[in-house]
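Reviewing the structure listed below.
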Amino acid sequence: MKKVTTLFVVLSFLINFGLTVSSYAEAVTANIASEAIAQEIAAQAGGTYVAGAAAPAVTGTQVALPVVSQATGNVVGYVVAEQASLVSTLNAAGYTSVASSVAASTAGTAAGMAVGTGVSVGTIAAGAAVVGGASALVVAAGGSGGTTTSHHH
Amino acid sequence: MRKSIFLFLLLFTFGFGEAFPDGTGNPEDAILESSERFFISLKKNDFNTAWNLLSLKSRETIISDIIRATRKAGGGTNKDDIIKDFENSGVISTSYWNAFLNTFNPDMILEECKWEMGVIDKQKAEIIITHRKASDPVTLKVLREDGVWRVGLVETFWAGRTDSFLQKLVNLFAG
């Protein structure tokens with residue numbers, strides 16, 4: 001079974017000191033100063049930065065971390081990298097909440113699958129994509145340090 | 001005679017009360033209500049209520065799973081921070097449950113399954129849940145802790161499948 005892991009952990013970057021995005025309610029976000037920082041994170045994690053709103057295809061244990069414009073609320077790109085590398089890079093860069101949330105998504109995905117499997121008595125639909133983590137991280141604007149808050153609507 | 005009747009009623013009342021210490025007189029309702037409410041809370045993204053309806057072992061195991069996944073991915077974390085986060089429906093809790101719900105739809109158990117009461121005693125109960133497409137049921141373990149019936153998610157779905165199976169799933173996603 002093809003392992004496709006998509007993680008919706010959002011890095012929103014500040015363009016115009018705009019207000020909180022509403023598209024990723026209840027998400028945990030990390031604010032970064034510019035898209036260039038997202039590109040740097042991707043590089044440090046050994047991954048790539050994919051510009052554009054369309055979610056990229058991921059393979060194996062890669063995750064796609066959305067980057068959202070705080071001004072418009074739109075996704076402007078994705079950091080695509082192996083999950084372990086991304087967690088490590090985010091931790092090193094100080095985005096520890098984001099990193100912990102990525103790891104929590106991993107555990108949550110496994111747990112959800114275990115429950116679903118248990119209920120269906122081991123039957124998993126053929127071709128089902130393994131999706132990992134649908135949490136958007138919304139981190140309040142606060143400069144390059146990456147302070148975090150969660151936004152609830 | 002009156003004394004005998006009085007004593008009989010006294011014994012009957014306290015005896016009955018002891019068998020059903022929650023005072024409802026019908027523990028089945030309390031067990032089913034708690035269990036259903038757990039899955040409904042998840043469906044409504046009321047993660048705080050869902051968390052509080054989990055058994056102690058379930059909560060401890062979930063936290064351990066997250067710590068393991070974090071460390072495996074090269075991150076550092078503090079157990080107390082994670083506990084506080086889940087108690088306050090923080091960012092880690094939200095990420096966990098969102099991911100959980102991304103792979104498990106509560107309607108699968110709420111709308112697509114038949115629920116039947118199984119064994120009940122003072123501290124433990126079982127609900128036999130059969131999915132409409134399944135040939136065999138799953139036995140949901142429910143435990144009475146601090147006077148409240150709580151869902152043994154870990155006791156039901158982690159155990160029996162062997163810890164190694166779940167660990168393999170966690171490892172698979174942790175990379």
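How things are named: the first chain in the structure tokens is A, the next is B, and so on; residues count from 1 in each chain; ligands count from 1 in the order shown.
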>> Would you pick out the contacts of segment 39-51 of chain A at 8 Å or less, using only C-alpha atoms, so that residues sharing its chain but fewer than 3 positions from it are not included, and give the list as JSON, numbers by chain?
In response: {"A": [35, 36, 56, 76, 77, 78, 79, 80, 81, 82, 85, 86, 88, 89, 90]}
Written selection (all heavy atoms) as a compact mmCIF listing (two decimals), in the first residue's frame:
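Writing done, so here's part_28.txt:
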# COMPACT_ATOMS: atom_id res chain seq x y z
N GLU A 35 8.55 34.21 3.10
CA GLU A 35 8.52 32.93 2.42
C GLU A 35 9.93 32.35 2.32
O GLU A 35 10.12 31.12 2.28
CB GLU A 35 7.94 33.13 1.01
CG GLU A 35 7.40 31.86 0.38
CD GLU A 35 6.65 32.16 -0.91
OE1 GLU A 35 6.44 33.34 -1.24
OE2 GLU A 35 6.29 31.19 -1.58
N ALA A 36 10.92 33.22 2.32
CA ALA A 36 12.32 32.77 2.21
C ALA A 36 12.68 31.88 3.40
O ALA A 36 13.46 30.93 3.28
CB ALA A 36 13.26 33.98 2.14
N PRO A 56 1.07 19.49 -2.88
CA PRO A 56 1.96 18.63 -3.68
C PRO A 56 1.78 17.17 -3.31
O PRO A 56 1.33 16.85 -2.21
CB PRO A 56 3.36 19.13 -3.27
CG PRO A 56 3.18 19.62 -1.88
CD PRO A 56 1.79 20.17 -1.81
N VAL A 76 0.30 29.74 0.17
CA VAL A 76 1.19 30.23 -0.89
C VAL A 76 2.26 29.22 -1.24
O VAL A 76 2.98 29.38 -2.22
CB VAL A 76 1.84 31.57 -0.50
CG1 VAL A 76 0.78 32.66 -0.36
CG2 VAL A 76 2.64 31.42 0.78
N GLY A 77 2.36 28.18 -0.43
CA GLY A 77 3.38 27.17 -0.74
C GLY A 77 3.38 26.07 0.31
O GLY A 77 2.58 26.09 1.25
N TYR A 78 4.27 25.11 0.11
CA TYR A 78 4.40 23.98 1.04
C TYR A 78 5.87 23.63 1.26
O TYR A 78 6.67 23.65 0.32
CB TYR A 78 3.71 22.73 0.47
CG TYR A 78 2.21 22.83 0.38
CD1 TYR A 78 1.60 23.43 -0.73
CD2 TYR A 78 1.40 22.32 1.39
CE1 TYR A 78 0.22 23.52 -0.81
CE2 TYR A 78 0.02 22.39 1.30
CZ TYR A 78 -0.57 23.00 0.20
OH TYR A 78 -1.94 23.09 0.12
N VAL A 79 6.17 23.30 2.50
CA VAL A 79 7.48 22.73 2.81
C VAL A 79 7.29 21.23 2.76
O VAL A 79 6.48 20.67 3.51
CB VAL A 79 7.95 23.15 4.23
CG1 VAL A 79 9.21 22.40 4.61
CG2 VAL A 79 8.18 24.66 4.28
N VAL A 80 7.99 20.58 1.87
CA VAL A 80 7.86 19.13 1.71
C VAL A 80 9.15 18.47 2.18
O VAL A 80 10.24 18.78 1.67
CB VAL A 80 7.59 18.74 0.23
CG1 VAL A 80 7.46 17.23 0.11
CG2 VAL A 80 6.31 19.42 -0.26
N ALA A 81 9.04 17.60 3.17
CA ALA A 81 10.24 16.96 3.70
C ALA A 81 9.85 15.69 4.44
O ALA A 81 8.68 15.48 4.76
CB ALA A 81 10.98 17.91 4.65
N GLU A 82 10.85 14.87 4.73
CA GLU A 82 10.62 13.70 5.55
C GLU A 82 10.22 14.18 6.94
O GLU A 82 10.78 15.15 7.47
CB GLU A 82 11.91 12.86 5.69
CG GLU A 82 12.33 12.14 4.42
CD GLU A 82 11.34 11.07 4.00
OE1 GLU A 82 10.76 10.42 4.90
OE2 GLU A 82 11.14 10.90 2.79
N SER A 85 12.93 14.55 9.69
CA SER A 85 13.83 15.68 9.43
C SER A 85 13.13 16.99 9.71
O SER A 85 13.73 17.93 10.24
CB SER A 85 14.30 15.69 7.97
OG SER A 85 15.06 14.55 7.70
N LEU A 86 11.88 17.07 9.33
CA LEU A 86 11.14 18.32 9.51
C LEU A 86 10.97 18.62 11.00
O LEU A 86 11.16 19.75 11.44
CB LEU A 86 9.78 18.22 8.82
CG LEU A 86 8.94 19.50 8.86
CD1 LEU A 86 9.68 20.66 8.23
CD2 LEU A 86 7.62 19.27 8.12
N SER A 88 12.83 17.64 13.42
CA SER A 88 14.14 17.99 13.96
C SER A 88 14.51 19.43 13.59
O SER A 88 14.99 20.20 14.42
CB SER A 88 15.15 17.00 13.36
OG SER A 88 16.39 17.16 13.98
N THR A 89 14.26 19.79 12.34
CA THR A 89 14.58 21.15 11.87
C THR A 89 13.71 22.19 12.58
O THR A 89 14.19 23.25 12.99
CB THR A 89 14.37 21.25 10.35
OG1 THR A 89 15.21 20.30 9.70
CG2 THR A 89 14.68 22.65 9.83
N LEU A 90 12.45 21.90 12.72
CA LEU A 90 11.55 22.86 13.38
C LEU A 90 11.95 23.05 14.84
O LEU A 90 11.94 24.17 15.36
CB LEU A 90 10.10 22.36 13.30
CG LEU A 90 9.45 22.41 11.92
CD1 LEU A 90 8.14 21.64 11.92
CD2 LEU A 90 9.20 23.85 11.49
>> When you look at Lys141 of chain B with a cut-off of 6 Å (counting only C-alpha atoms), what residues show up, excluding the ones that are within fewer than 6 positions of it in the same chain? I need them as an NGL selection string.
In response: :B and (126 or 152 or 156)
>> Ranking B:Gln123, B:Thr70, B:Asn26, B:Asn88 by minimum distance to chain A and counting only C-alpha atoms, which one comes first?
In response: B:Thr70
>> Please compute the atom CA of Gln62 of chain A-atom CA of Met113 of chain A distance, one decimal, in Å.
In response: 18.2 Å
> B:Trp149, B:Phe39, B:Trp51, B:Phe86: which is nearest Met108 of chain B, counting only C-alpha atoms?
Replying inline: B:Phe39
>> When you look at Val138 of chain B with a cut-off of 7 Å (counting only C-alpha atoms), what residues show up, excluding the ones that are within fewer than 4 positions of it in the same chain? I need them as an NGL selection string.
In response: (:A and (118-119)) or (:B and (128-130))
Okay, now the selection with C-alpha atoms, as a JSON list (two decimals), in the first residue's frame?
[["chain", "number", "residue", "atom", "x", "y", "z"],
["A", 118, "GLY", "CA", -10.52, -2.64, 15.22],
["A", 119, "VAL", "CA", -14.07, -1.61, 14.40],
["B", 128, "ILE", "CA", -20.41, -5.28, 22.03],
["B", 129, "ILE", "CA", -20.14, -3.18, 18.89],
["B", 130, "THR", "CA", -20.69, -4.74, 15.50]]
>> Going by DSSP on the backbone, which residues of segment 28-123 of chain A come out as strand (DSSP E or B)? List them as a ChimeraX atom specification.
In response: /A:29-32,48-51,62-69,75-82
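Shortest separation to chain B among A:Thr61, A:Ala93, A:Asn31, A:Val67 occurs at residue A:Thr61, atoms counted being only C-alpha atoms.
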